[in-house]
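One file, structure_14.cif, carrying mmCIF, C-alpha atoms and all ligand atoms:
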data_my_file
#
loop_
_atom_site.label_atom_id
_atom_site.label_comp_id
_atom_site.auth_asym_id
_atom_site.auth_seq_id
_atom_site.Cartn_x
_atom_site.Cartn_y
_atom_site.Cartn_z
CA MET A 1 0.00 0.00 0.00
CA ASN A 2 1.23 3.48 -0.84
CA GLU A 3 2.30 5.24 2.38
CA ASN A 4 1.53 8.62 0.85
CA ASN A 5 -2.19 8.05 0.70
CA LYS A 6 -2.46 7.96 4.51
CA ILE A 7 -4.12 11.27 5.15
CA LEU A 8 -4.34 10.77 8.92
CA LYS A 9 -2.05 8.87 11.18
CA VAL A 10 -2.58 8.49 14.91
CA GLU A 11 0.28 7.17 17.01
CA ASN A 12 -0.04 6.08 20.62
CA LEU A 13 -2.76 8.60 21.39
CA THR A 14 -3.66 8.85 25.06
CA LYS A 15 -6.13 11.24 26.60
CA MET A 16 -6.71 11.49 30.33
CA PHE A 17 -9.00 13.72 32.32
CA GLY A 18 -7.93 14.68 35.86
CA SER A 19 -4.86 16.14 37.50
CA LYS A 20 -2.76 13.17 38.62
CA LYS A 21 -1.94 12.08 35.09
CA LEU A 22 1.64 11.01 35.77
CA LEU A 23 0.58 8.76 38.58
CA ALA A 24 -2.21 7.38 36.40
CA ARG A 25 0.25 6.64 33.61
CA GLU A 26 2.52 4.72 36.00
CA MET A 27 -0.43 2.64 37.11
CA LEU A 28 -1.47 1.90 33.55
CA LYS A 29 2.07 0.77 32.83
CA LYS A 30 1.87 -1.59 35.76
CA GLY A 31 -1.23 -3.07 34.18
CA LEU A 32 -3.95 -1.61 36.38
CA SER A 33 -7.34 -1.31 34.73
CA LYS A 34 -8.97 1.96 33.79
CA ASN A 35 -11.37 1.56 36.68
CA GLU A 36 -8.66 0.92 39.25
CA VAL A 37 -6.77 3.97 37.97
CA LEU A 38 -9.89 6.08 38.32
CA LYS A 39 -10.51 4.86 41.87
CA LYS A 40 -6.95 5.44 43.01
CA THR A 41 -6.16 8.71 41.24
CA GLY A 42 -9.43 10.27 40.13
CA VAL A 43 -8.07 10.26 36.58
CA THR A 44 -10.30 9.07 33.73
CA VAL A 45 -8.33 7.36 31.01
CA ALA A 46 -10.62 8.15 28.09
CA VAL A 47 -8.23 7.02 25.35
CA ASP A 48 -5.43 4.60 26.06
CA ASN A 49 -2.52 4.30 23.63
CA VAL A 50 -4.52 4.21 20.44
CA SER A 51 -2.92 3.98 16.98
CA PHE A 52 -4.51 3.85 13.55
CA GLU A 53 -4.16 5.17 10.04
CA VAL A 54 -6.78 6.52 7.66
CA ARG A 55 -6.34 6.36 3.90
CA GLN A 56 -7.36 9.25 1.68
CA GLY A 57 -10.91 8.70 0.44
CA GLU A 58 -11.89 5.94 2.84
CA ILE A 59 -14.59 5.77 5.47
CA PHE A 60 -12.91 4.79 8.70
CA VAL A 61 -15.37 3.77 11.41
CA LEU A 62 -14.81 3.85 15.15
CA ILE A 63 -17.26 1.65 17.00
CA GLY A 64 -17.66 0.82 20.66
CA LEU A 65 -19.99 0.99 23.62
CA SER A 66 -20.85 4.22 25.39
CA GLY A 67 -17.84 5.59 27.26
CA SER A 68 -15.29 3.58 25.26
CA GLY A 69 -13.56 6.77 24.12
CA LYS A 70 -14.80 7.28 20.54
CA SER A 71 -15.76 10.95 20.83
CA THR A 72 -12.56 11.75 22.67
CA VAL A 73 -10.51 10.26 19.82
CA ILE A 74 -12.36 12.26 17.19
CA ARG A 75 -12.07 15.48 19.22
CA CYS A 76 -8.32 14.97 19.43
CA LEU A 77 -8.17 14.71 15.64
CA ASN A 78 -9.02 18.40 15.26
CA MET A 79 -7.43 19.43 18.56
CA LEU A 80 -10.78 20.29 20.05
CA GLN A 81 -9.19 18.40 22.90
CA PRO A 82 -5.40 18.32 23.09
CA PRO A 83 -4.00 14.81 23.51
CA THR A 84 -2.29 14.00 26.80
CA SER A 85 0.35 12.17 24.78
CA GLY A 86 0.84 10.65 21.38
CA LYS A 87 1.01 12.06 17.88
CA ILE A 88 -1.49 12.93 15.21
CA TYR A 89 -0.28 13.48 11.67
CA PHE A 90 -2.32 15.15 8.97
CA GLU A 91 -0.78 14.71 5.53
CA GLY A 92 2.50 13.93 7.23
CA ASP A 93 2.56 16.97 9.57
CA ASN A 94 2.33 16.57 13.31
CA ILE A 95 -0.64 18.81 14.07
CA LYS A 96 0.72 19.55 17.52
CA ASN A 97 3.41 21.61 15.83
CA TYR A 98 0.90 23.80 14.01
CA SER A 99 1.04 27.50 14.82
CA ALA A 100 -2.20 29.10 15.98
CA LYS A 101 -2.70 30.32 12.43
CA GLN A 102 -2.08 26.90 10.91
CA LEU A 103 -4.44 25.30 13.38
CA ARG A 104 -7.16 27.79 12.50
CA GLU A 105 -6.61 27.12 8.81
CA PHE A 106 -6.70 23.35 9.50
CA ARG A 107 -10.02 23.59 11.31
CA ARG A 108 -11.58 25.92 8.78
CA ASN A 109 -10.49 24.29 5.57
CA LYS A 110 -9.19 20.79 6.16
CA VAL A 111 -11.50 19.11 8.65
CA SER A 112 -15.18 19.54 9.44
CA MET A 113 -17.29 18.01 12.11
CA VAL A 114 -20.85 16.66 11.95
CA PHE A 115 -22.58 16.05 15.27
CA GLN A 116 -25.35 13.78 16.48
CA ASN A 117 -27.48 16.72 17.61
CA PHE A 118 -26.94 18.48 14.24
CA GLY A 119 -25.33 21.60 15.77
CA LEU A 120 -27.39 24.00 13.67
CA MET A 121 -28.36 27.59 14.41
CA SER A 122 -32.07 27.36 14.94
CA HIS A 123 -32.84 31.03 14.32
CA ARG A 124 -31.40 30.79 10.81
CA ASP A 125 -32.73 29.26 7.62
CA VAL A 126 -31.26 26.34 5.72
CA LEU A 127 -29.31 28.54 3.33
CA SER A 128 -27.55 30.61 5.95
CA ASN A 129 -26.81 27.56 8.08
CA ALA A 130 -25.21 25.90 5.08
CA ALA A 131 -23.30 29.05 4.13
CA TYR A 132 -22.06 29.78 7.65
CA GLY A 133 -18.54 28.41 7.15
CA LEU A 134 -18.01 30.83 4.27
CA GLU A 135 -19.63 33.70 6.13
CA ILE A 136 -17.08 33.55 8.94
CA LYS A 137 -14.36 33.52 6.32
CA GLY A 138 -15.71 36.81 4.98
CA VAL A 139 -16.87 35.45 1.62
CA SER A 140 -19.39 37.77 -0.06
CA LYS A 141 -23.07 37.02 0.38
CA LYS A 142 -23.61 36.34 -3.29
CA GLU A 143 -20.70 33.97 -3.60
CA ARG A 144 -21.39 32.06 -0.42
CA GLU A 145 -25.07 31.66 -1.22
CA GLU A 146 -24.28 30.36 -4.68
CA LYS A 147 -21.92 27.81 -3.23
CA ALA A 148 -24.40 26.91 -0.49
CA MET A 149 -27.17 26.34 -3.06
CA GLU A 150 -24.94 23.85 -4.86
CA ILE A 151 -24.26 21.90 -1.69
CA ILE A 152 -27.92 22.09 -0.62
CA SER A 153 -28.88 20.50 -3.89
CA MET A 154 -26.25 17.79 -3.45
CA VAL A 155 -27.64 16.81 -0.06
CA GLY A 156 -31.16 16.68 -1.51
CA LEU A 157 -32.63 19.81 0.04
CA SER A 158 -33.34 21.95 -3.01
CA GLY A 159 -36.46 24.01 -2.42
CA TRP A 160 -35.94 24.06 1.34
CA GLU A 161 -33.24 26.72 1.42
CA GLY A 162 -35.54 29.45 2.75
CA GLN A 163 -37.06 27.32 5.52
CA SER A 164 -36.16 27.72 9.14
CA VAL A 165 -34.30 24.62 10.30
CA LEU A 166 -36.95 24.31 13.00
CA ASN A 167 -39.43 23.27 10.32
CA LEU A 168 -37.32 20.33 9.19
CA SER A 169 -37.45 16.66 10.17
CA GLY A 170 -34.44 15.08 11.86
CA GLY A 171 -33.15 13.54 8.65
CA MET A 172 -33.41 16.86 6.85
CA ARG A 173 -31.67 18.67 9.68
CA GLN A 174 -28.77 16.31 9.41
CA ARG A 175 -28.66 16.94 5.67
CA VAL A 176 -28.15 20.60 6.60
CA GLY A 177 -25.50 19.48 9.09
CA ILE A 178 -23.67 17.68 6.30
CA ALA A 179 -24.09 20.63 3.92
CA ARG A 180 -22.62 22.92 6.53
CA ALA A 181 -19.66 20.61 7.00
CA LEU A 182 -19.05 20.38 3.25
CA ILE A 183 -19.22 24.09 2.46
CA ASN A 184 -15.50 24.73 2.94
CA ASN A 185 -14.65 21.69 0.85
CA PRO A 186 -12.71 20.02 3.68
CA ASP A 187 -10.52 16.98 3.05
CA VAL A 188 -11.77 15.16 6.12
CA LEU A 189 -15.23 14.86 7.64
CA LEU A 190 -15.38 13.91 11.29
CA MET A 191 -18.81 12.48 12.04
CA ASP A 192 -19.73 11.71 15.63
CA GLU A 193 -22.81 9.45 15.60
CA PRO A 194 -24.46 11.65 12.99
CA PHE A 195 -27.40 9.31 12.41
CA SER A 196 -27.98 7.94 15.90
CA ALA A 197 -30.86 10.27 16.67
CA LEU A 198 -32.79 9.31 13.54
CA ASP A 199 -35.43 6.63 13.22
CA PRO A 200 -34.33 3.47 11.41
CA LEU A 201 -35.82 4.18 7.99
CA VAL A 202 -34.47 7.71 7.85
CA ARG A 203 -31.19 6.43 9.16
CA ARG A 204 -30.86 3.96 6.30
CA GLU A 205 -31.70 6.70 3.84
CA MET A 206 -29.00 8.91 5.32
CA GLN A 207 -26.45 6.09 5.18
CA PHE A 208 -27.21 5.71 1.50
CA GLU A 209 -27.00 9.47 1.04
CA LEU A 210 -23.60 9.57 2.72
CA LEU A 211 -22.29 6.79 0.49
CA SER A 212 -23.49 8.67 -2.60
CA ILE A 213 -21.93 11.92 -1.43
CA GLN A 214 -18.76 10.01 -0.66
CA GLU A 215 -18.71 8.58 -4.16
CA LYS A 216 -19.17 12.00 -5.69
CA LEU A 217 -16.74 13.94 -3.55
CA ASN A 218 -14.25 11.28 -2.48
CA LYS A 219 -13.85 12.78 1.01
CA THR A 220 -12.06 11.03 3.81
CA ILE A 221 -14.51 10.29 6.59
CA VAL A 222 -13.96 9.28 10.19
CA PHE A 223 -17.32 8.02 11.34
CA ILE A 224 -18.39 7.11 14.87
CA THR A 225 -21.23 4.75 15.63
CA HIS A 226 -22.24 2.18 18.18
CA ASP A 227 -24.21 0.26 15.59
CA ILE A 228 -22.31 -2.63 14.01
CA ASP A 229 -24.60 -2.80 10.97
CA GLU A 230 -23.96 0.85 10.27
CA ALA A 231 -20.23 0.30 10.80
CA PHE A 232 -20.13 -2.59 8.35
CA LYS A 233 -22.32 -0.90 5.80
CA LEU A 234 -20.29 2.30 5.69
CA GLY A 235 -16.78 1.41 6.76
CA ASN A 236 -13.89 0.46 4.52
CA ASN A 237 -12.07 -0.16 7.77
CA VAL A 238 -13.57 -0.51 11.21
CA ALA A 239 -11.79 -0.04 14.54
CA ILE A 240 -13.51 -1.44 17.57
CA MET A 241 -12.91 0.30 20.92
CA GLN A 242 -13.24 -1.01 24.43
CA ASP A 243 -12.26 0.91 27.57
CA GLY A 244 -10.25 3.51 25.68
CA LYS A 245 -8.32 0.98 23.61
CA ILE A 246 -8.67 -0.15 20.02
CA ILE A 247 -8.87 -3.91 20.15
CA GLN A 248 -9.12 -4.62 16.44
CA THR A 249 -8.88 -2.65 13.21
CA ALA A 250 -9.95 -4.51 10.10
CA THR A 251 -12.18 -4.51 7.07
CA PRO A 252 -15.73 -5.66 7.85
CA GLU A 253 -15.04 -8.97 6.09
CA GLU A 254 -11.86 -9.60 8.06
CA MET A 255 -13.57 -8.69 11.29
CA MET A 256 -16.48 -11.03 10.59
CA SER A 257 -14.34 -13.95 9.57
CA ASN A 258 -11.44 -13.35 11.92
CA PRO A 259 -12.46 -11.55 15.13
CA SER A 260 -9.38 -10.94 17.29
CA ASN A 261 -11.12 -11.92 20.53
CA SER A 262 -14.44 -12.91 22.02
CA TYR A 263 -15.49 -9.31 22.57
CA VAL A 264 -15.14 -8.52 18.88
CA LYS A 265 -16.85 -11.77 18.03
CA GLU A 266 -19.83 -10.88 20.17
CA PHE A 267 -20.07 -7.51 18.48
CA THR A 268 -19.90 -8.95 14.98
CA ASN A 269 -22.33 -11.74 15.85
CA SER A 270 -25.01 -9.17 16.37
CA ALA A 271 -24.40 -7.86 12.85
CA ASP A 272 -26.63 -8.41 9.91
CA LYS A 273 -25.58 -11.50 8.03
CA THR A 274 -25.64 -10.29 4.41
CA HIS A 275 -22.15 -11.61 4.04
CA VAL A 276 -23.02 -15.08 5.18
CA TYR A 277 -26.23 -15.31 3.16
CA SER A 278 -25.66 -17.11 -0.08
CA VAL A 279 -27.58 -16.98 -3.32
CA LYS A 280 -29.56 -20.13 -2.56
CA ASN A 281 -31.16 -18.37 0.42
CA ILE A 282 -32.75 -15.67 -1.69
CA MET A 283 -33.27 -17.21 -5.15
CA ILE A 284 -36.69 -18.01 -6.54
CA THR A 285 -37.92 -20.44 -9.20
CA PRO A 286 -38.24 -18.83 -12.59
CA SER A 287 -41.92 -18.71 -13.47
CA CYS A 288 -41.31 -17.64 -17.03
CA LEU A 289 -39.09 -19.92 -19.11
CA ALA A 290 -38.85 -20.55 -22.84
CA HIS A 291 -37.05 -23.39 -24.56
CA SER A 292 -34.85 -22.16 -27.40
CA ARG A 293 -36.21 -24.79 -29.78
CA ASN A 294 -39.76 -23.47 -29.36
CA GLY A 295 -38.92 -20.10 -30.89
CA ALA A 296 -40.10 -16.56 -30.47
CA LYS A 297 -43.85 -17.18 -30.62
CA ASN A 298 -43.75 -19.46 -27.63
CA ALA A 299 -41.48 -17.03 -25.80
CA LEU A 300 -43.98 -14.24 -26.46
CA LYS A 301 -46.82 -16.39 -25.16
CA GLN A 302 -44.84 -17.11 -21.99
CA MET A 303 -44.32 -13.40 -21.46
CA TYR A 304 -47.98 -12.53 -22.09
CA ASP A 305 -49.25 -15.35 -19.88
CA ASN A 306 -47.00 -14.34 -16.99
CA GLY A 307 -47.07 -10.61 -17.45
CA PHE A 308 -43.31 -10.25 -17.91
CA SER A 309 -41.36 -8.23 -20.44
CA SER A 310 -38.54 -10.74 -20.70
CA VAL A 311 -38.05 -14.48 -20.43
CA PHE A 312 -35.18 -16.79 -19.50
CA VAL A 313 -34.25 -18.96 -22.46
CA VAL A 314 -32.99 -22.50 -21.82
CA GLY A 315 -31.77 -25.32 -24.02
CA ASP A 316 -31.83 -29.07 -23.44
CA LYS A 317 -31.58 -30.24 -19.84
CA LEU A 318 -32.42 -26.71 -18.70
CA ARG A 319 -29.03 -25.38 -19.79
CA PHE A 320 -29.12 -21.61 -19.51
CA VAL A 321 -28.90 -19.81 -22.85
CA GLY A 322 -29.80 -16.20 -22.11
CA ILE A 323 -32.61 -13.71 -21.89
CA LEU A 324 -35.09 -12.70 -24.56
CA THR A 325 -36.89 -9.41 -24.18
CA LEU A 326 -40.36 -8.64 -25.46
CA GLU A 327 -38.93 -6.13 -27.90
CA ARG A 328 -36.49 -8.59 -29.38
CA ALA A 329 -39.06 -11.39 -29.51
CA LEU A 330 -41.35 -9.11 -31.52
CA ALA A 331 -38.45 -8.33 -33.85
CA VAL A 332 -37.98 -12.09 -34.43
CA ARG A 333 -41.66 -12.51 -35.11
CA ASN A 334 -41.50 -9.67 -37.64
CA GLY A 335 -38.56 -11.33 -39.35
CA GLU A 336 -36.06 -8.61 -38.43
CA LEU A 337 -33.78 -10.82 -36.33
CA SER A 338 -33.01 -14.50 -36.03
CA PHE A 339 -33.96 -16.11 -32.73
CA ASN A 340 -30.34 -16.83 -31.87
CA ASP A 341 -29.27 -13.26 -32.53
CA ALA A 342 -32.17 -11.93 -30.55
CA VAL A 343 -31.31 -13.71 -27.30
CA TYR A 344 -29.04 -11.74 -24.98
CA THR A 345 -26.34 -14.21 -23.98
CA ASP A 346 -24.02 -11.77 -22.27
CA VAL A 347 -26.04 -11.68 -19.06
CA PRO A 348 -24.78 -12.13 -15.52
CA THR A 349 -25.08 -15.53 -13.89
CA THR A 350 -24.24 -16.66 -10.41
CA GLN A 351 -24.01 -19.88 -8.42
CA LEU A 352 -25.86 -21.28 -5.45
CA GLU A 353 -23.07 -20.77 -2.92
CA THR A 354 -22.07 -17.25 -3.93
CA PRO A 355 -22.42 -14.78 -1.03
CA VAL A 356 -25.23 -12.30 -1.60
CA SER A 357 -22.84 -9.43 -0.94
CA ASP A 358 -20.99 -10.37 -4.16
CA LEU A 359 -24.20 -9.79 -6.13
CA ILE A 360 -24.66 -6.19 -5.09
CA PRO A 361 -22.48 -4.65 -7.82
CA ILE A 362 -23.92 -7.05 -10.42
CA ALA A 363 -27.51 -6.35 -9.43
CA ALA A 364 -26.88 -2.62 -9.50
CA LYS A 365 -25.70 -2.77 -13.12
CA SER A 366 -27.88 -5.47 -14.60
CA ALA A 367 -31.15 -4.70 -16.32
CA PHE A 368 -32.38 -8.27 -15.70
CA PRO A 369 -32.74 -10.69 -12.84
CA ILE A 370 -29.59 -12.73 -12.28
CA ALA A 371 -29.67 -16.37 -13.41
CA VAL A 372 -28.46 -18.97 -10.92
CA VAL A 373 -26.71 -21.87 -12.63
CA ASP A 374 -24.82 -24.97 -11.52
CA ASN A 375 -21.41 -26.11 -12.75
CA ASP A 376 -22.98 -27.56 -15.89
CA ASN A 377 -24.67 -24.25 -16.61
CA ARG A 378 -28.08 -25.68 -15.76
CA LEU A 379 -30.60 -23.09 -14.60
CA LYS A 380 -31.40 -23.46 -10.90
CA GLY A 381 -33.30 -20.29 -10.21
CA LEU A 382 -33.12 -16.56 -10.38
CA VAL A 383 -32.35 -13.71 -8.07
CA THR A 384 -34.20 -10.44 -8.49
CA LYS A 385 -32.62 -7.07 -7.82
CA ALA A 386 -35.29 -6.46 -5.22
CA ALA A 387 -34.25 -9.59 -3.30
CA VAL A 388 -30.62 -8.50 -3.30
CA LEU A 389 -31.59 -5.06 -2.02
CA ALA A 390 -33.95 -6.47 0.60
CA SER A 391 -31.17 -8.66 1.98
CA LEU A 392 -29.19 -5.50 2.64
CA SER A 393 -31.58 -3.84 5.00
N1 LIG A 401 -14.37 16.49 29.37
C1 LIG A 401 -14.33 15.35 30.06
N2 LIG A 401 -13.98 15.36 31.37
C2 LIG A 401 -13.93 14.21 32.07
N3 LIG A 401 -14.17 13.00 31.58
C3 LIG A 401 -14.51 12.93 30.30
C4 LIG A 401 -14.62 14.09 29.47
N4 LIG A 401 -14.98 13.70 28.22
C5 LIG A 401 -15.10 12.35 28.27
N5 LIG A 401 -14.82 11.89 29.50
C6 LIG A 401 -14.82 10.48 29.92
O1 LIG A 401 -14.01 9.77 29.02
C7 LIG A 401 -14.57 8.51 28.73
C8 LIG A 401 -14.78 8.37 27.23
O2 LIG A 401 -15.79 9.27 26.82
P1 LIG A 401 -16.23 9.48 25.32
O3 LIG A 401 -17.21 10.56 25.32
O4 LIG A 401 -15.03 9.62 24.49
O5 LIG A 401 -16.91 8.08 25.01
P2 LIG A 401 -17.80 7.63 23.77
O6 LIG A 401 -17.25 6.34 23.32
O7 LIG A 401 -17.88 8.73 22.79
O8 LIG A 401 -19.21 7.37 24.43
P3 LIG A 401 -20.71 7.62 23.85
O9 LIG A 401 -21.01 6.44 22.97
O10 LIG A 401 -21.55 7.63 25.08
O11 LIG A 401 -20.71 8.91 23.11
C9 LIG A 401 -15.85 8.41 29.53
O12 LIG A 401 -15.58 7.71 30.71
C10 LIG A 401 -16.19 9.86 29.80
O13 LIG A 401 -16.89 9.98 31.01
MG MG A 402 -19.46 9.86 22.04
#
Encoded form using structure tokens:
Amino acid sequence: MNENNKILKVENLTKMFGSKKLLAREMLKKGLSKNEVLKKTGVTVAVDNVSFEVRQGEIFVLIGLSGSGKSTVIRCLNMLQPPTSGKIYFEGDNIKNYSAKQLREFRRNKVSMVFQNFGLMSHRDVLSNAAYGLEIKGVSKKEREEKAMEIISMVGLSGWEGQSVLNLSGGMRQRVGIARALINNPDVLLMDEPFSALDPLVRREMQFELLSIQEKLNKTIVFITHDIDEAFKLGNNVAIMQDGKIIQTATPEEMMSNPSNSYVKEFTNSADKTHVYSVKNIMITPSCLAHSRNGAKNALKQMYDNGFSSVFVVGDKLRFVGILTLERALAVRNGELSFNDAVYTDVPTTQLETPVSDLIPIAAKSAFPIAVVDNDNRLKGLVTKAAVLASLS
């Protein structure tokens, strides 16, 4: 992996709250637990010797129970809270060495934060909330509003710009929160449980929205959640925290298949099992089939009888040939195409044991249901796009 694409690097970050920090550190070294340290010294060890790296353009998720130190980590990343010890590098520079001016520039233009409680100004409308980051930089009203309108449209709020944020639903408020964070075109978004206050449907919508924005803008995102499904859905890499420590950093797949200890395993066990579902769990029997030897007329009848606009074409022993659409079948009937030329043969197929997660990119691109075949190319069933999508939620 190219070292240069690590936009953030955190080395041995520790953050303590309380005055007897030296004493607390000694105790930690001796192996005392966070709780024992707190009892004996009054010092809370919020983050304990944490290291991780974030690649440019990835979504890096921090997950853990309440009090495990997630928010403290993210607040150290923009120096909202200075680390007790350890180093944080942004694009190779130790941010502790920033001058006051550099730090201001870093916070204004390089990183932006999105909060669970939205952090909006309730007496202002959507437009001026979104434009705020440019306003404090002294950008002219015309310019900042133009820019804000662009971002408002990207987050799906066109038409709402004149509304007071008080009139918006939670999901819409968080769209404003994201717009506000994006206005300065930061490299990194720090998102502290941005969707936790939303109801599940809206939450899913916002997760999708974030992934689309991410695809468009290619931002680096550090995302906090305590929801493992959200972590696995969004994260390229996921770090799991317990008592101020990171106990495993891995891709969702690695974490599922290779949890580093029983705590991680318990966490991942509660996750949605898209990855372990295979095609055979969600396939259905094709109700509309046409044998290639029976020609276009029969295929058309099959489509009319079943109310479909395409049909799976099979040969002897149910060997999968391809898909014939209504349009093409009519062209055959009118003598414009031969049956063989009319059948689409370059269509995606899959096998019974393929994990459903592998089908997502195929289903997204394909205009047709996906044919399930065995090793001899015999048709076993089909998987609809809807079934693939449903298995995701
Ligand atoms: N300003 C502070 N002063 C004292 N202790 C603090 C402070 N901020 C956080 N802590 C303590 O540090 C620990 C980690 O807190 P933190 O807020 O980082 O956890 P979290 O993982 O974000 O939890 P949650 O899921 O509830 O948001 C907790 O024990 C918390 O009480
Ligand atoms: Mg928190």
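Minimum atom-to-atom distances from A:Leu337, A:Ile74, A:Leu379, A:Ile224 to Arg319 of chain A were compared using all atoms listed in the file, and the lowest value belongs to A:Leu379.
Comparing the minimum interatomic distances between Pro252 of chain A and each of A:Ala331, A:Leu120, A:Ile63, A:Val165, counting only C-alpha atoms, we find that A:Ile63 sits nearest.
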Next item on the list: For ligand LIG 401 (chain A), list the contacting residues at 6 Å or closer, counting all atoms listed in the file, as a ChimeraX atom specification.
Entry: /A:17,44,46,65-72
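Nearest residue to Asn306 of chain A among A:Leu234, A:Leu289, A:Leu166, A:Ile213 is A:Leu289, counting all atoms listed in the file.
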Next item on the list: Name all residues at most 12 Å from segment 20-28 of chain A (count all atoms listed in the file; drop same-chain ones fewer than 2 positions away) and give them as a ChimeraX atom specification.
Entry: /A:14-18,30-49,84-85,244
Hey, can you spit out that residue selection with C-alpha atoms as a compact mmCIF listing (two decimals), keeping the file's coordinate frame?
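Everything below was put into result.txt:
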# COMPACT_ATOMS: atom_id res chain seq x y z
CA THR A 14 -3.66 8.85 25.06
CA LYS A 15 -6.13 11.24 26.60
CA MET A 16 -6.71 11.49 30.33
CA PHE A 17 -9.00 13.72 32.32
CA GLY A 18 -7.93 14.68 35.86
CA LYS A 30 1.87 -1.59 35.76
CA GLY A 31 -1.23 -3.07 34.18
CA LEU A 32 -3.95 -1.61 36.38
CA SER A 33 -7.34 -1.31 34.73
CA LYS A 34 -8.97 1.96 33.79
CA ASN A 35 -11.37 1.56 36.68
CA GLU A 36 -8.66 0.92 39.25
CA VAL A 37 -6.77 3.97 37.97
CA LEU A 38 -9.89 6.08 38.32
CA LYS A 39 -10.51 4.86 41.87
CA LYS A 40 -6.95 5.44 43.01
CA THR A 41 -6.16 8.71 41.24
CA GLY A 42 -9.43 10.27 40.13
CA VAL A 43 -8.07 10.26 36.58
CA THR A 44 -10.30 9.07 33.73
CA VAL A 45 -8.33 7.36 31.01
CA ALA A 46 -10.62 8.15 28.09
CA VAL A 47 -8.23 7.02 25.35
CA ASP A 48 -5.43 4.60 26.06
CA ASN A 49 -2.52 4.30 23.63
CA THR A 84 -2.29 14.00 26.80
CA SER A 85 0.35 12.17 24.78
CA GLY A 244 -10.25 3.51 25.68
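Closest approach to Asn281 of chain A among A:Lys297, A:Ala197, A:Thr268, A:Pro355 is made by A:Pro355 (distances from all atoms listed in the file).
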Next item on the list: Fewer than 4 positions away in the same chain doesn't count, so skip those; otherwise give me all residues within 7 Å of Ile7 of chain A, counting all atoms listed in the file, as a PyMOL selection string.
Entry: chain A and resi 54-56+90-91
Check: With all atoms listed in the file as the basis for distance, which of A:Ser309, A:Asn12, A:Gln242, A:Gln116 is at the shortest distance from ligand MG 402 (chain A)?
Finding: A:Gln116
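Of note, atom CA of His291 of chain A and atom CA of Asn334 of chain A are spaced 19.5 Å apart.
Minimum atom-to-atom distances from A:Met241, A:Asn117, A:Val139, A:Val279 to Thr354 of chain A were compared using only C-alpha atoms, and the lowest value belongs to A:Val279.
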Note to self: I'd like the contact shell of Gly322 of chain A - 7 Å cut-off, all atoms listed in the file, skipping same-chain residues fewer than 4 positions apart - returned as a list of chain:residue names.
What the structure shows: A:Phe312, A:Val313, A:Val343, A:Tyr344, A:Thr345, A:Val347
Item checked: Residues within 8 Å of Val155 of chain A, all atoms listed in the file, excluding chain neighbours under 5 positions, as a ChimeraX atom specification -> /A:175-176,178-179,209,213
Quick one: write out the picked residues with C-alpha atoms as a CSV table (one decimal), in the coordinates of the input?
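As written to disk, part37.csv reads:
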chain,number,residue,atom,x,y,z
A,175,ARG,CA,-28.7,16.9,5.7
A,176,VAL,CA,-28.2,20.6,6.6
A,178,ILE,CA,-23.7,17.7,6.3
A,179,ALA,CA,-24.1,20.6,3.9
A,209,GLU,CA,-27.0,9.5,1.0
A,213,ILE,CA,-21.9,11.9,-1.4
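For the pair atom CA of Asp374 of chain A and atom CA of Ser257 of chain A, the interatomic distance is 26.0 Å.
Across the model, the gap from atom CA of Val111 of chain A to atom CA of Leu190 of chain A is 7.0 Å.
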